[in-house]
>>> print(open('protein-v4.pdb').read())   # PDB, C-alpha atoms
ATOM      1  CA  MET E 788      29.001  -4.696  13.836
ATOM      2  CA  ILE E 789      28.515  -1.078  12.763
ATOM      3  CA  ASP E 790      24.887  -1.177  13.938
ATOM      4  CA  LEU E 791      26.000  -2.494  17.329
ATOM      5  CA  LEU E 792      28.592   0.268  17.709
ATOM      6  CA  SER E 793      26.030   2.872  16.648
ATOM      7  CA  TYR E 794      23.582   1.633  19.272
ATOM      8  CA  GLY E 795      26.341   1.632  21.898
ATOM      9  CA  ALA E 796      27.173   5.242  21.053
ATOM     10  CA  PHE E 797      23.462   6.161  21.156
ATOM     11  CA  PHE E 798      23.062   4.479  24.545
ATOM     12  CA  LEU E 799      26.091   6.223  26.053
ATOM     13  CA  THR E 800      25.035   9.586  24.655
ATOM     14  CA  MET E 801      21.605   9.309  26.273
ATOM     15  CA  ALA E 802      23.176   8.127  29.530
ATOM     16  CA  LEU E 803      25.546  11.108  29.552
ATOM     17  CA  THR E 804      22.707  13.592  29.072
ATOM     18  CA  TYR E 805      21.220  12.148  32.260
ATOM     19  CA  ALA E 806      24.650  12.349  33.876
ATOM     20  CA  VAL E 807      24.706  16.122  33.301
ATOM     21  CA  ILE E 808      21.256  16.457  34.883
ATOM     22  CA  CYS E 809      22.349  14.253  37.768
ATOM     23  CA  LEU E 810      25.431  16.411  38.375
ATOM     24  CA  GLY E 811      23.152  19.419  38.791
ATOM     25  CA  LEU E 812      20.996  17.580  41.319
ATOM     26  CA  ASN E 813      24.106  16.396  43.139
ATOM     27  CA  LEU E 814      25.167  19.996  43.704
ATOM     28  CA  GLN E 815      21.742  20.881  45.080
ATOM     29  CA  TRP E 816      21.141  17.819  47.235
ATOM     30  CA  GLY E 817      24.484  16.082  47.684
ATOM     31  CA  GLN E 818      26.388  19.249  48.578
ATOM     32  CA  ALA E 819      23.793  21.755  49.823
ATOM     33  CA  GLY E 820      21.067  19.428  51.119
ATOM     34  CA  LEU E 821      18.308  21.068  49.035
ATOM     35  CA  PHE E 822      15.441  18.623  48.473
ATOM     36  CA  ASN E 823      14.440  19.455  44.878
ATOM     37  CA  VAL E 824      11.552  17.285  43.647
ATOM     38  CA  GLY E 825      10.943  19.422  40.576
ATOM     39  CA  VAL E 826      13.845  18.163  38.459
ATOM     40  CA  ALA E 827      11.603  17.392  35.478
ATOM     41  CA  GLY E 828      10.362  20.994  35.331
ATOM     42  CA  PHE E 829      13.833  22.545  35.230
ATOM     43  CA  VAL E 830      15.007  20.036  32.632
ATOM     44  CA  ALA E 831      11.932  20.896  30.544
ATOM     45  CA  VAL E 832      12.695  24.622  30.723
ATOM     46  CA  GLY E 833      16.215  24.014  29.445
ATOM     47  CA  ALA E 834      14.983  21.785  26.631
ATOM     48  CA  TYR E 835      12.185  24.103  25.471
ATOM     49  CA  VAL E 836      14.194  27.313  25.675
ATOM     50  CA  SER E 837      16.966  25.740  23.605
ATOM     51  CA  ALA E 838      14.487  24.283  21.102
ATOM     52  CA  ILE E 839      12.700  27.628  20.641
ATOM     53  CA  LEU E 840      15.975  29.477  20.186
ATOM     54  CA  THR E 841      17.419  27.084  17.617
ATOM     55  CA  THR E 842      14.534  25.802  15.495
ATOM     56  CA  PRO E 843      13.684  27.728  12.305
ATOM     57  CA  PRO E 844      10.539  29.889  12.276
ATOM     58  CA  VAL E 845       7.341  27.848  11.924
ATOM     59  CA  ASP E 846       3.922  29.162  10.940
ATOM     60  CA  GLY E 847       1.500  29.188  13.843
ATOM     61  CA  ARG E 848       4.194  29.082  16.534
ATOM     62  CA  ILE E 849       5.840  32.037  18.193
ATOM     63  CA  GLY E 850       9.613  31.837  18.349
ATOM     64  CA  GLY E 851      11.894  29.766  16.196
ATOM     65  CA  PHE E 852      14.942  32.024  16.002
ATOM     66  CA  GLY E 853      17.272  29.671  14.166
ATOM     67  CA  LEU E 854      20.296  30.244  16.416
ATOM     68  CA  PRO E 855      23.227  27.767  16.553
ATOM     69  CA  PRO E 856      22.820  24.787  18.936
ATOM     70  CA  LEU E 857      25.544  26.077  21.271
ATOM     71  CA  ALA E 858      23.596  29.304  21.796
ATOM     72  CA  GLY E 859      20.495  27.231  22.483
ATOM     73  CA  TRP E 860      22.300  25.113  25.066
ATOM     74  CA  LEU E 861      23.560  28.182  26.903
ATOM     75  CA  GLY E 862      20.126  29.797  26.675
ATOM     76  CA  GLY E 863      18.466  26.667  28.038
ATOM     77  CA  GLY E 864      20.889  26.523  30.951
ATOM     78  CA  LEU E 865      20.427  30.209  31.736
ATOM     79  CA  GLY E 866      16.636  29.883  31.529
ATOM     80  CA  ALA E 867      16.558  26.990  34.001
ATOM     81  CA  GLY E 868      19.104  28.699  36.246
ATOM     82  CA  LEU E 869      17.097  31.923  36.311
ATOM     83  CA  LEU E 870      13.927  30.025  37.150
ATOM     84  CA  CYS E 871      15.727  28.237  39.999
ATOM     85  CA  PHE E 872      17.021  31.571  41.262
ATOM     86  CA  LEU E 873      13.549  33.138  41.287
ATOM     87  CA  LEU E 874      11.929  30.085  42.830
ATOM     88  CA  GLY E 875      14.728  29.721  45.353
ATOM     89  CA  ALA E 876      14.429  33.349  46.434
ATOM     90  CA  LEU E 877      10.838  32.589  47.417
ATOM     91  CA  THR E 878      11.178  29.078  48.822
ATOM     92  CA  LEU E 879      14.671  28.435  50.217
ATOM     93  CA  ARG E 880      13.632  29.678  53.620
ATOM     94  CA  LEU E 881      11.287  26.703  53.726
ATOM     95  CA  ARG E 882      12.474  23.453  55.252
ATOM     96  CA  ALA E 883      12.800  19.922  53.871
ATOM     97  CA  ASP E 884       9.286  18.728  53.028
ATOM     98  CA  TYR E 885       7.963  22.223  52.327
ATOM     99  CA  LEU E 886      10.733  22.926  49.826
ATOM    100  CA  ALA E 887      10.003  19.582  48.167
ATOM    101  CA  ILE E 888       6.314  20.471  47.843
ATOM    102  CA  ALA E 889       7.167  23.890  46.381
ATOM    103  CA  THR E 890       9.543  22.484  43.752
ATOM    104  CA  PHE E 891       7.134  19.692  42.840
ATOM    105  CA  GLY E 892       4.359  22.243  42.412
ATOM    106  CA  ALA E 893       6.614  24.349  40.186
ATOM    107  CA  ALA E 894       7.329  21.336  37.985
ATOM    108  CA  VAL E 895       3.601  20.614  37.623
ATOM    109  CA  VAL E 896       2.907  24.248  36.686
ATOM    110  CA  ILE E 897       5.694  24.149  34.095
ATOM    111  CA  GLN E 898       4.344  20.952  32.551
ATOM    112  CA  LEU E 899       0.817  22.377  32.354
ATOM    113  CA  ALA E 900       2.152  25.595  30.826
ATOM    114  CA  LEU E 901       3.956  23.594  28.146
ATOM    115  CA  LEU E 902       0.692  21.839  27.339
ATOM    116  CA  ASN E 903      -1.391  24.997  27.105
ATOM    117  CA  LEU E 904       0.947  27.576  25.550
ATOM    118  CA  GLU E 905       0.510  25.998  22.152
ATOM    119  CA  GLY E 906       1.580  29.084  20.249
ATOM    120  CA  LEU E 907       4.972  29.014  21.936
ATOM    121  CA  THR E 908       5.626  25.382  22.812
ATOM    122  CA  GLY E 909       3.530  23.477  20.287
ATOM    123  CA  GLY E 910       1.214  22.273  23.059
ATOM    124  CA  PRO E 911       0.746  18.500  23.288
ATOM    125  CA  PHE E 912       2.356  18.104  19.854
ATOM    126  CA  GLY E 913       5.668  19.433  21.093
ATOM    127  CA  ILE E 914       8.503  20.835  18.996
ATOM    128  CA  GLY E 915      10.122  18.828  16.240
ATOM    129  CA  PHE E 916      12.989  19.268  13.809
ATOM    130  CA  ILE E 917      15.288  20.508  16.553
ATOM    131  CA  PRO E 918      18.723  20.891  14.926
ATOM    132  CA  ARG E 919      21.068  18.111  15.948
ATOM    133  CA  PRO E 920      24.815  18.593  16.295
ATOM    134  CA  PHE E 921      26.673  17.275  13.243
ATOM    135  CA  GLY E 922      23.395  16.995  11.335
ATOM    136  CA  GLY E 923      25.398  16.801   8.118
ATOM    137  CA  LEU E 924      26.598  13.338   9.173
ATOM    138  CA  ALA E 925      23.062  11.961   9.566
ATOM    139  CA  GLY E 926      23.526   9.870   6.423
ATOM    140  CA  GLU E 927      26.386   7.988   8.116
ATOM    141  CA  PRO E 928      24.913   6.662  11.380
ATOM    142  CA  GLY E 929      28.227   5.483  12.800
ATOM    143  CA  LEU E 930      30.039   8.785  12.409
ATOM    144  CA  PHE E 931      26.964  10.730  13.491
ATOM    145  CA  ALA E 932      26.612   8.726  16.711
ATOM    146  CA  ALA E 933      30.348   8.917  17.455
ATOM    147  CA  ALA E 934      30.443  12.691  16.917
ATOM    148  CA  ASN E 935      27.476  13.263  19.251
ATOM    149  CA  LEU E 936      29.008  10.956  21.841
ATOM    150  CA  GLY E 937      32.235  12.978  21.684
ATOM    151  CA  VAL E 938      30.324  16.216  22.297
ATOM    152  CA  LEU E 939      28.515  14.745  25.301
ATOM    153  CA  ILE E 940      31.749  13.368  26.750
ATOM    154  CA  LEU E 941      33.273  16.847  26.562
ATOM    155  CA  LEU E 942      30.145  18.377  28.129
ATOM    156  CA  VAL E 943      30.127  15.911  31.024
ATOM    157  CA  LEU E 944      33.865  16.381  31.553
ATOM    158  CA  ALA E 945      33.492  20.169  31.602
ATOM    159  CA  CYS E 946      30.591  20.037  34.078
ATOM    160  CA  TYR E 947      32.445  17.547  36.246
ATOM    161  CA  LEU E 948      35.651  19.611  36.413
ATOM    162  CA  VAL E 949      33.853  22.890  37.112
ATOM    163  CA  LEU E 950      31.584  21.436  39.784
ATOM    164  CA  GLN E 951      34.426  19.470  41.340
ATOM    165  CA  HIS E 952      36.449  22.672  41.581
ATOM    166  CA  LEU E 953      33.512  24.519  43.129
ATOM    167  CA  THR E 954      32.778  21.850  45.712
ATOM    168  CA  ARG E 955      36.421  21.633  46.770
ATOM    169  CA  SER E 956      36.721  25.400  47.129
ATOM    170  CA  PRO E 957      35.890  27.323  50.320
ATOM    171  CA  TRP E 958      32.455  27.985  48.796
ATOM    172  CA  GLY E 959      31.790  24.242  48.577
ATOM    173  CA  ARG E 960      32.999  23.688  52.121
ATOM    174  CA  VAL E 961      30.524  26.297  53.339
ATOM    175  CA  LEU E 962      27.718  24.457  51.528
ATOM    176  CA  ARG E 963      28.592  21.201  53.291
ATOM    177  CA  ALA E 964      28.919  23.009  56.609
ATOM    178  CA  LEU E 965      25.399  24.400  56.162
ATOM    179  CA  ARG E 966      24.176  20.946  55.246
ATOM    180  CA  GLU E 967      25.724  19.354  58.331
ATOM    181  CA  ASP E 968      25.135  22.055  60.957
ATOM    182  CA  GLU E 969      23.449  25.272  59.899
ATOM    183  CA  GLU E 970      23.626  26.886  63.310
ATOM    184  CA  ALA E 971      27.383  26.382  63.563
ATOM    185  CA  ALA E 972      27.937  27.806  60.084
ATOM    186  CA  ARG E 973      25.664  30.748  60.865
ATOM    187  CA  ALA E 974      27.680  31.421  64.015
ATOM    188  CA  LEU E 975      30.761  31.786  61.800
ATOM    189  CA  GLY E 976      29.045  34.552  59.829
ATOM    190  CA  LYS E 977      27.834  32.533  56.819
ATOM    191  CA  ASP E 978      24.490  33.467  55.265
ATOM    192  CA  PRO E 979      22.589  30.185  54.657
ATOM    193  CA  VAL E 980      20.048  31.665  52.236
ATOM    194  CA  ALA E 981      22.663  33.309  50.016
ATOM    195  CA  TYR E 982      24.838  30.215  49.704
ATOM    196  CA  ARG E 983      21.903  27.891  49.126
ATOM    197  CA  LEU E 984      20.408  30.220  46.547
ATOM    198  CA  GLN E 985      23.685  30.192  44.646
ATOM    199  CA  ALA E 986      23.859  26.389  44.744
ATOM    200  CA  PHE E 987      20.226  26.077  43.701
ATOM    201  CA  ALA E 988      20.692  28.392  40.717
ATOM    202  CA  ILE E 989      23.948  26.771  39.545
ATOM    203  CA  GLY E 990      22.416  23.315  39.883
ATOM    204  CA  GLY E 991      19.407  24.486  37.873
ATOM    205  CA  PHE E 992      21.717  25.828  35.162
ATOM    206  CA  VAL E 993      23.403  22.426  34.869
ATOM    207  CA  MET E 994      20.030  20.637  34.752
ATOM    208  CA  GLY E 995      18.834  22.975  32.011
ATOM    209  CA  LEU E 996      22.053  22.396  30.094
ATOM    210  CA  GLY E 997      21.471  18.635  30.294
ATOM    211  CA  GLY E 998      17.869  19.029  29.167
ATOM    212  CA  ALA E 999      18.938  21.168  26.204
ATOM    213  CA  ALA E1000      21.595  18.659  25.157
ATOM    214  CA  GLN E1001      19.086  15.828  25.381
ATOM    215  CA  ALA E1002      16.520  17.731  23.287
ATOM    216  CA  HIS E1003      19.020  18.372  20.517
ATOM    217  CA  PHE E1004      20.248  14.803  20.513
ATOM    218  CA  ILE E1005      16.714  13.354  20.238
ATOM    219  CA  GLY E1006      15.448  16.059  17.877
ATOM    220  CA  PHE E1007      11.911  16.197  19.306
ATOM    221  CA  ILE E1008      10.383  17.169  22.647
ATOM    222  CA  ALA E1009       6.857  17.116  24.069
ATOM    223  CA  PRO E1010       5.365  17.816  27.520
ATOM    224  CA  ASP E1011       4.895  14.087  28.130
ATOM    225  CA  ASN E1012       8.688  13.727  28.224
ATOM    226  CA  TYR E1013       8.827  15.715  31.463
ATOM    227  CA  LEU E1014       6.489  13.912  33.816
ATOM    228  CA  PRO E1015       7.387  13.109  37.462
ATOM    229  CA  THR E1016       8.837   9.819  36.222
ATOM    230  CA  LEU E1017      11.865  11.780  35.020
ATOM    231  CA  THR E1018      12.401  13.209  38.499
ATOM    232  CA  PHE E1019      12.206   9.697  39.949
ATOM    233  CA  GLN E1020      14.781   8.456  37.443
ATOM    234  CA  VAL E1021      17.284  11.207  38.187
ATOM    235  CA  TRP E1022      16.928  10.840  41.950
ATOM    236  CA  THR E1023      17.426   7.094  41.633
ATOM    237  CA  MET E1024      20.561   7.667  39.569
ATOM    238  CA  LEU E1025      22.013   9.952  42.218
ATOM    239  CA  ILE E1026      21.154   7.730  45.175
ATOM    240  CA  ILE E1027      22.459   4.557  43.541
ATOM    241  CA  GLY E1028      25.644   6.228  42.313
ATOM    242  CA  GLY E1029      26.317   8.023  45.566
ATOM    243  CA  SER E1030      24.956  11.355  46.732
ATOM    244  CA  GLY E1031      27.678  13.935  47.327
ATOM    245  CA  ASN E1032      30.117  12.298  44.884
ATOM    246  CA  MET E1033      30.431  13.707  41.353
ATOM    247  CA  ARG E1034      31.789  10.449  39.950
ATOM    248  CA  GLY E1035      28.978   8.590  41.677
ATOM    249  CA  ALA E1036      26.407  10.809  39.951
ATOM    250  CA  ILE E1037      27.868   9.910  36.549
ATOM    251  CA  LEU E1038      28.138   6.200  37.379
ATOM    252  CA  GLY E1039      24.572   6.092  38.691
ATOM    253  CA  ALA E1040      23.251   7.757  35.541
ATOM    254  CA  VAL E1041      24.922   5.190  33.289
ATOM    255  CA  LEU E1042      23.851   2.181  35.391
ATOM    256  CA  VAL E1043      20.226   3.216  35.865
ATOM    257  CA  TRP E1044      19.853   4.167  32.211
ATOM    258  CA  ALA E1045      21.276   0.758  31.272
ATOM    259  CA  LEU E1046      18.716  -0.914  33.554
ATOM    260  CA  TRP E1047      15.939   1.219  32.033
ATOM    261  CA  ALA E1048      16.985   0.390  28.463
ATOM    262  CA  VAL E1049      17.376  -3.352  29.109
ATOM    263  CA  SER E1050      14.050  -3.595  30.934
ATOM    264  CA  GLY E1051      12.355  -1.669  28.116
ATOM    265  CA  SER E1052      13.726  -4.123  25.551
ATOM    266  CA  ALA E1053      12.571  -7.019  27.730
ATOM    267  CA  VAL E1054       9.050  -5.591  27.937
ATOM    268  CA  SER E1055       8.937  -5.226  24.142
ATOM    269  CA  ALA E1056      10.117  -8.805  23.661
ATOM    270  CA  LEU E1057       7.976 -10.529  26.315
ATOM    271  CA  PHE E1058       4.611  -8.755  26.017
ATOM    272  CA  PRO E1059       2.308  -8.388  22.998
ATOM    273  CA  SER E1060       1.975  -4.926  21.518
ATOM    274  CA  GLY E1061      -1.443  -4.370  23.060
ATOM    275  CA  GLN E1062      -0.095  -4.843  26.604
ATOM    276  CA  GLN E1063       3.266  -3.122  26.326
ATOM    277  CA  ALA E1064       1.972   0.267  27.482
ATOM    278  CA  ARG E1065       0.671  -1.245  30.730
ATOM    279  CA  ALA E1066       3.670  -3.519  31.146
ATOM    280  CA  ALA E1067       6.008  -0.519  30.903
ATOM    281  CA  SER E1068       5.228   0.204  34.559
ATOM    282  CA  LEU E1069       7.349  -2.851  35.359
ATOM    283  CA  GLN E1070      10.379  -0.719  34.469
ATOM    284  CA  LEU E1071       9.623   1.569  37.402
ATOM    285  CA  VAL E1072       9.114  -1.449  39.647
ATOM    286  CA  LEU E1073      12.484  -2.875  38.624
ATOM    287  CA  ILE E1074      14.264   0.420  39.253
ATOM    288  CA  GLY E1075      12.515   0.679  42.618
ATOM    289  CA  VAL E1076      13.753  -2.788  43.545
ATOM    290  CA  ALA E1077      17.303  -1.851  42.502
ATOM    291  CA  LEU E1078      17.079   1.331  44.573
ATOM    292  CA  SER E1079      15.862  -0.582  47.629
ATOM    293  CA  ALA E1080      18.662  -3.121  47.262
ATOM    294  CA  VAL E1081      21.324  -0.423  47.096
ATOM    295  CA  LEU E1082      19.873   1.393  50.104
ATOM    296  CA  LEU E1083      19.972  -1.835  52.099
ATOM    297  CA  LEU E1084      23.439  -2.960  51.032
ATOM    298  CA  ARG E1085      25.209   0.367  50.492
ATOM    299  CA  PRO E1086      23.198   3.198  52.088
ATOM    300  CA  ARG E1087      25.718   5.801  50.869
ATOM    301  CA  GLY E1088      25.518   4.552  47.277
ATOM    302  CA  LEU E1089      28.059   2.740  45.145
ATOM    303  CA  LEU E1090      30.477   5.676  45.328
ATOM    304  CA  GLY E1091      29.322   7.539  48.386
ATOM    305  CA  GLU E1092      30.742  10.798  49.650
ATOM    306  CA  ALA E1093      34.306  10.276  50.796
ATOM    307  CA  GLY E1094      33.775  12.073  54.087
ATOM    308  CA  THR E1095      31.532  14.638  55.691
ATOM    309  CA  LEU E1096      32.682  18.056  56.724
ATOM    310  CA  ARG E1097      32.657  18.411  60.459
ATOM    311  CA  SER E1098      31.626  21.676  61.965
ATOM    312  CA  PRO E1099      34.559  23.938  62.974
ATOM    313  CA  LEU E1100      32.701  24.769  66.164
ATOM    314  CA  ARG E1101      32.420  21.087  67.004
ATOM    315  CA  ARG E1102      36.138  20.629  66.396
ATOM    316  CA  ALA E1103      36.823  23.519  68.752
ATOM    317  CA  ASP E1104      34.525  21.985  71.364
ATOM    318  CA  ARG E1105      36.392  18.676  71.102
ATOM    319  CA  ARG E1106      39.757  20.426  71.505
ATOM    320  CA  ASP E1107      38.507  22.276  74.590
ATOM    321  CA  THR E1108      37.105  19.057  76.005
ATOM    322  CA  ALA E1109      40.416  17.292  75.412
ATOM    323  CA  LYS E1110      42.326  20.088  77.183
ATOM    324  CA  ILE E1111      39.977  19.968  80.162
ATOM    325  CA  SER E1112      40.298  16.193  80.370
ATOM    326  CA  GLN E1113      44.087  16.425  80.155
ATOM    327  CA  GLY E1114      44.125  19.062  82.891
ATOM    328  CA  GLN E1115      41.979  16.899  85.148
ATOM    329  CA  LYS E1116      44.340  13.963  84.682
ATOM    330  CA  THR E1117      47.353  16.173  85.499
ATOM    331  CA  ASN E1118      45.743  17.445  88.687
ATOM    332  CA  ALA E1119      44.855  13.921  89.697
TER
END
>>> encode(input="protein-v4.pdb", output="structure tokens")
Amino acid sequence: MIDLLSYGAFFLTMALTYAVICLGLNLQWGQAGLFNVGVAGFVAVGAYVSAILTTPPVDGRIGGFGLPPLAGWLGGGLGAGLLCFLLGALTLRLRADYLAIATFGAAVVIQLALLNLEGLTGGPFGIGFIPRPFGGLAGEPGLFAAANLGVLILLVLACYLVLQHLTRSPWGRVLRALREDEEAARALGKDPVAYRLQAFAIGGFVMGLGGAAQAHFIGFIAPDNYLPTLTFQVWTMLIIGGSGNMRGAILGAVLVWALWAVSGSAVSALFPSGQQARAASLQLVLIGVALSAVLLLRPRGLLGEAGTLRSPLRRADRRDTAKISQGQKTNA
């Protein structure tokens, strides 16, 4: 029974780390309409910055400052947010597909840098012995898992409340106005690049925070953890849960991670050890099928955006049209 509860806590903790990452993507795409296909790169920056800041000094590797995990989490978030800000300043004037290509290219460059900067990142061997929250409880798996789950619940709740407040504020309404009708929002004096840059940087901070939390919970990171498959997973979580809805982002993360974990267990049980590496691709196929089914049955996701913001200019046009129509009826 204790083992089952420990695994349940482990599963939920991993799912909630993805939920934090998904909340960051939801701000970028669901609210601002920014097509970021470099999620894995920004998550990797958060994880590696936090790991370098918090691990003890190691011979042969630069860094290892031994700071507390909380400082590492904040540092990881700031590192990813700063990278998003710099990249966004160069690329946010690009449109749709071009922005996607730029962010994907950035993620590839980051992954290659992690592989080759061995003195800083450990190269292909990664960074191990990352301090885990409540490491003193490691001898009691149940308490250790419950304590980590509690920390992640608080982190997700904090991110949810802050982002929900931001998206319901006038700033969030401007983001949705730019997403729906940029020309109308520009006519009202709103600067599209400035608002989108802010959303891109804040979303990157949240992604980096999720990556840092995940690194500390697992205790080991390597460049192979941040391949494009991670980007595919996070996008699937957001689309299935409901783009534009913070609760949908969290729900999608939990559901897709559950599907990933169950399919992984099925692959281990059904295929011999020599074929499991090749059979693991079936997990991606299964998630792709689930994504296609949701898009067909519920195009807005399980918890889609409650409503879209209509352009103020369009509302004014409709009022003028209604007045003209009413005047024509009166004259008739």
>>> atom_distance(input="protein-v4.pdb", atom1="CA of Leu877 (chain E)", atom2="CA of Gly976 (chain E)")
22.1 Å
>>> resolve_selection(input="protein-v4.pdb", expression="the PyMOL selection byres ((chain E and resi 872) around 12)", output="NGL selection string")
:E and (829 or 865-871 or 873-879 or 980-992)
>>> resolve_selection(input="protein-v4.pdb", expression="the PyMOL selection byres ((chain E and resi 935-943) around 9)", output="NGL selection string")
:E and (796-797 or 799-801 or 803-804 or 806-807 or 810 or 919-921 or 930-934 or 944-948 or 997 or 1000 or 1004 or 1037)
>>> write_last_selection(input="protein-v4.pdb", atoms="C-alpha atoms", output="PDB file, in the coordinates of the input")
ATOM      1  CA  ALA E 796      27.173   5.242  21.053  1.00  0.00           C
ATOM      2  CA  PHE E 797      23.462   6.161  21.156  1.00  0.00           C
ATOM      3  CA  LEU E 799      26.091   6.223  26.053  1.00  0.00           C
ATOM      4  CA  THR E 800      25.035   9.586  24.655  1.00  0.00           C
ATOM      5  CA  MET E 801      21.605   9.309  26.273  1.00  0.00           C
ATOM      6  CA  LEU E 803      25.546  11.108  29.552  1.00  0.00           C
ATOM      7  CA  THR E 804      22.707  13.592  29.072  1.00  0.00           C
ATOM      8  CA  ALA E 806      24.650  12.349  33.876  1.00  0.00           C
ATOM      9  CA  VAL E 807      24.706  16.122  33.301  1.00  0.00           C
ATOM     10  CA  LEU E 810      25.431  16.411  38.375  1.00  0.00           C
ATOM     11  CA  ARG E 919      21.068  18.111  15.948  1.00  0.00           C
ATOM     12  CA  PRO E 920      24.815  18.593  16.295  1.00  0.00           C
ATOM     13  CA  PHE E 921      26.673  17.275  13.243  1.00  0.00           C
ATOM     14  CA  LEU E 930      30.039   8.785  12.409  1.00  0.00           C
ATOM     15  CA  PHE E 931      26.964  10.730  13.491  1.00  0.00           C
ATOM     16  CA  ALA E 932      26.612   8.726  16.711  1.00  0.00           C
ATOM     17  CA  ALA E 933      30.348   8.917  17.455  1.00  0.00           C
ATOM     18  CA  ALA E 934      30.443  12.691  16.917  1.00  0.00           C
ATOM     19  CA  LEU E 944      33.865  16.381  31.553  1.00  0.00           C
ATOM     20  CA  ALA E 945      33.492  20.169  31.602  1.00  0.00           C
ATOM     21  CA  CYS E 946      30.591  20.037  34.078  1.00  0.00           C
ATOM     22  CA  TYR E 947      32.445  17.547  36.246  1.00  0.00           C
ATOM     23  CA  LEU E 948      35.651  19.611  36.413  1.00  0.00           C
ATOM     24  CA  GLY E 997      21.471  18.635  30.294  1.00  0.00           C
ATOM     25  CA  ALA E1000      21.595  18.659  25.157  1.00  0.00           C
ATOM     26  CA  PHE E1004      20.248  14.803  20.513  1.00  0.00           C
ATOM     27  CA  ILE E1037      27.868   9.910  36.549  1.00  0.00           C
TER      28      ILE E1037
END
>>> resolve_selection(input="protein-v4.pdb", expression="the PyMOL selection byres ((chain E and resi 849-853) around 6)", output="ChimeraX atom specification")
/E:839-844,848,854,906-907
>>> closest_residue(input="protein-v4.pdb", among="E:Gly863, E:Gly1061, E:Gly1051, E:Gly817", to="Ala834 (chain E)", atoms="all atoms listed in the file")
E:Gly863
>>> residues_around(input="protein-v4.pdb", residues="Val1021 (chain E)", least_positions_apart="2", cutoff="9 Å", atoms="all atoms listed in the file", output="PyMOL selection string")
chain E and resi 805-806+808-809+812+826-827+1016-1019+1023-1026+1039-1040+1043
>>> residues_near_point(input="protein-v4.pdb", point="(14.2, 13.5, 48.7)", cutoff="10 Å", atoms="only C-alpha atoms", output="ChimeraX atom specification")
/E:816,820-824,883-884,887,1019,1022,1026
>>> closest_residue(input="protein-v4.pdb", among="E:Phe912, E:Tyr794, E:Trp860, E:Phe891", to="Asn1012 (chain E)", atoms="only C-alpha atoms")
E:Phe912
>>> closest_residue(input="protein-v4.pdb", among="E:Ala802, E:Leu1042, E:Ile1027, E:Val1049", to="Ala1080 (chain E)", atoms="all atoms listed in the file")
E:Ile1027
>>> closest_residue(input="protein-v4.pdb", among="E:Ala1064, E:Val832, E:Leu1073, E:Val1081", to="Thr908 (chain E)", atoms="all atoms listed in the file")
E:Val832
>>> atom_distance(input="protein-v4.pdb", atom1="CA of Ala1045 (chain E)", atom2="CA of Tyr835 (chain E)")
25.7 Å
>>> atom_distance(input="protein-v4.pdb", atom1="CA of Val830 (chain E)", atom2="CA of Ala964 (chain E)")
27.9 Å
>>> closest_residue(input="protein-v4.pdb", among="E:Leu1071, E:Leu1082, E:Leu953, E:Leu1089", to="Leu814 (chain E)", atoms="only C-alpha atoms")
E:Leu953
>>> closest_residue(input="protein-v4.pdb", among="E:Ala971, E:Leu950, E:Ala893, E:Ala1002", to="Gly913 (chain E)", atoms="all atoms listed in the file")
E:Ala1002
>>> axis_aligned_box(input="protein-v4.pdb", around="region 857-876 of chain E", padding_each_side="8 Å", output="AutoDock Vina command-line options")
--center_x 18.7 --center_y 29.2 --center_z 33.9 --size_x 29.6 --size_y 24.2 --size_z 41.2
>>> build_atoms(input="protein-v4.pdb", residues="region 917-926 of chain E", atoms="N, CA and C atoms", output="PDB file, in the frame of the given file")
ATOM      1  N   ILE E 917      14.271  19.780  15.799  1.00  0.00           N
ATOM      2  CA  ILE E 917      15.288  20.508  16.553  1.00  0.00           C
ATOM      3  C   ILE E 917      16.649  20.177  15.933  1.00  0.00           C
ATOM      4  N   PRO E 918      17.446  21.179  15.583  1.00  0.00           N
ATOM      5  CA  PRO E 918      18.723  20.891  14.926  1.00  0.00           C
ATOM      6  C   PRO E 918      19.637  20.046  15.812  1.00  0.00           C
ATOM      7  N   ARG E 919      20.199  19.023  15.220  1.00  0.00           N
ATOM      8  CA  ARG E 919      21.068  18.111  15.948  1.00  0.00           C
ATOM      9  C   ARG E 919      22.520  18.414  15.617  1.00  0.00           C
ATOM     10  N   PRO E 920      23.402  18.375  16.595  1.00  0.00           N
ATOM     11  CA  PRO E 920      24.815  18.593  16.295  1.00  0.00           C
ATOM     12  C   PRO E 920      25.303  17.603  15.238  1.00  0.00           C
ATOM     13  N   PHE E 921      26.121  18.100  14.328  1.00  0.00           N
ATOM     14  CA  PHE E 921      26.673  17.275  13.243  1.00  0.00           C
ATOM     15  C   PHE E 921      25.553  16.674  12.388  1.00  0.00           C
ATOM     16  N   GLY E 922      24.504  17.482  12.147  1.00  0.00           N
ATOM     17  CA  GLY E 922      23.395  16.995  11.335  1.00  0.00           C
ATOM     18  C   GLY E 922      23.815  16.603   9.930  1.00  0.00           C
ATOM     19  N   GLY E 923      24.935  17.160   9.441  1.00  0.00           N
ATOM     20  CA  GLY E 923      25.398  16.801   8.118  1.00  0.00           C
ATOM     21  C   GLY E 923      25.881  15.369   8.005  1.00  0.00           C
ATOM     22  N   LEU E 924      26.136  14.727   9.173  1.00  0.00           N
ATOM     23  CA  LEU E 924      26.598  13.338   9.173  1.00  0.00           C
ATOM     24  C   LEU E 924      25.448  12.354   9.372  1.00  0.00           C
ATOM     25  N   ALA E 925      24.206  12.843   9.299  1.00  0.00           N
ATOM     26  CA  ALA E 925      23.062  11.961   9.566  1.00  0.00           C
ATOM     27  C   ALA E 925      22.992  10.796   8.586  1.00  0.00           C
ATOM     28  N   GLY E 926      23.538  10.964   7.395  1.00  0.00           N
ATOM     29  CA  GLY E 926      23.526   9.870   6.423  1.00  0.00           C
ATOM     30  C   GLY E 926      24.500   8.757   6.749  1.00  0.00           C
TER      31      GLY E 926
END
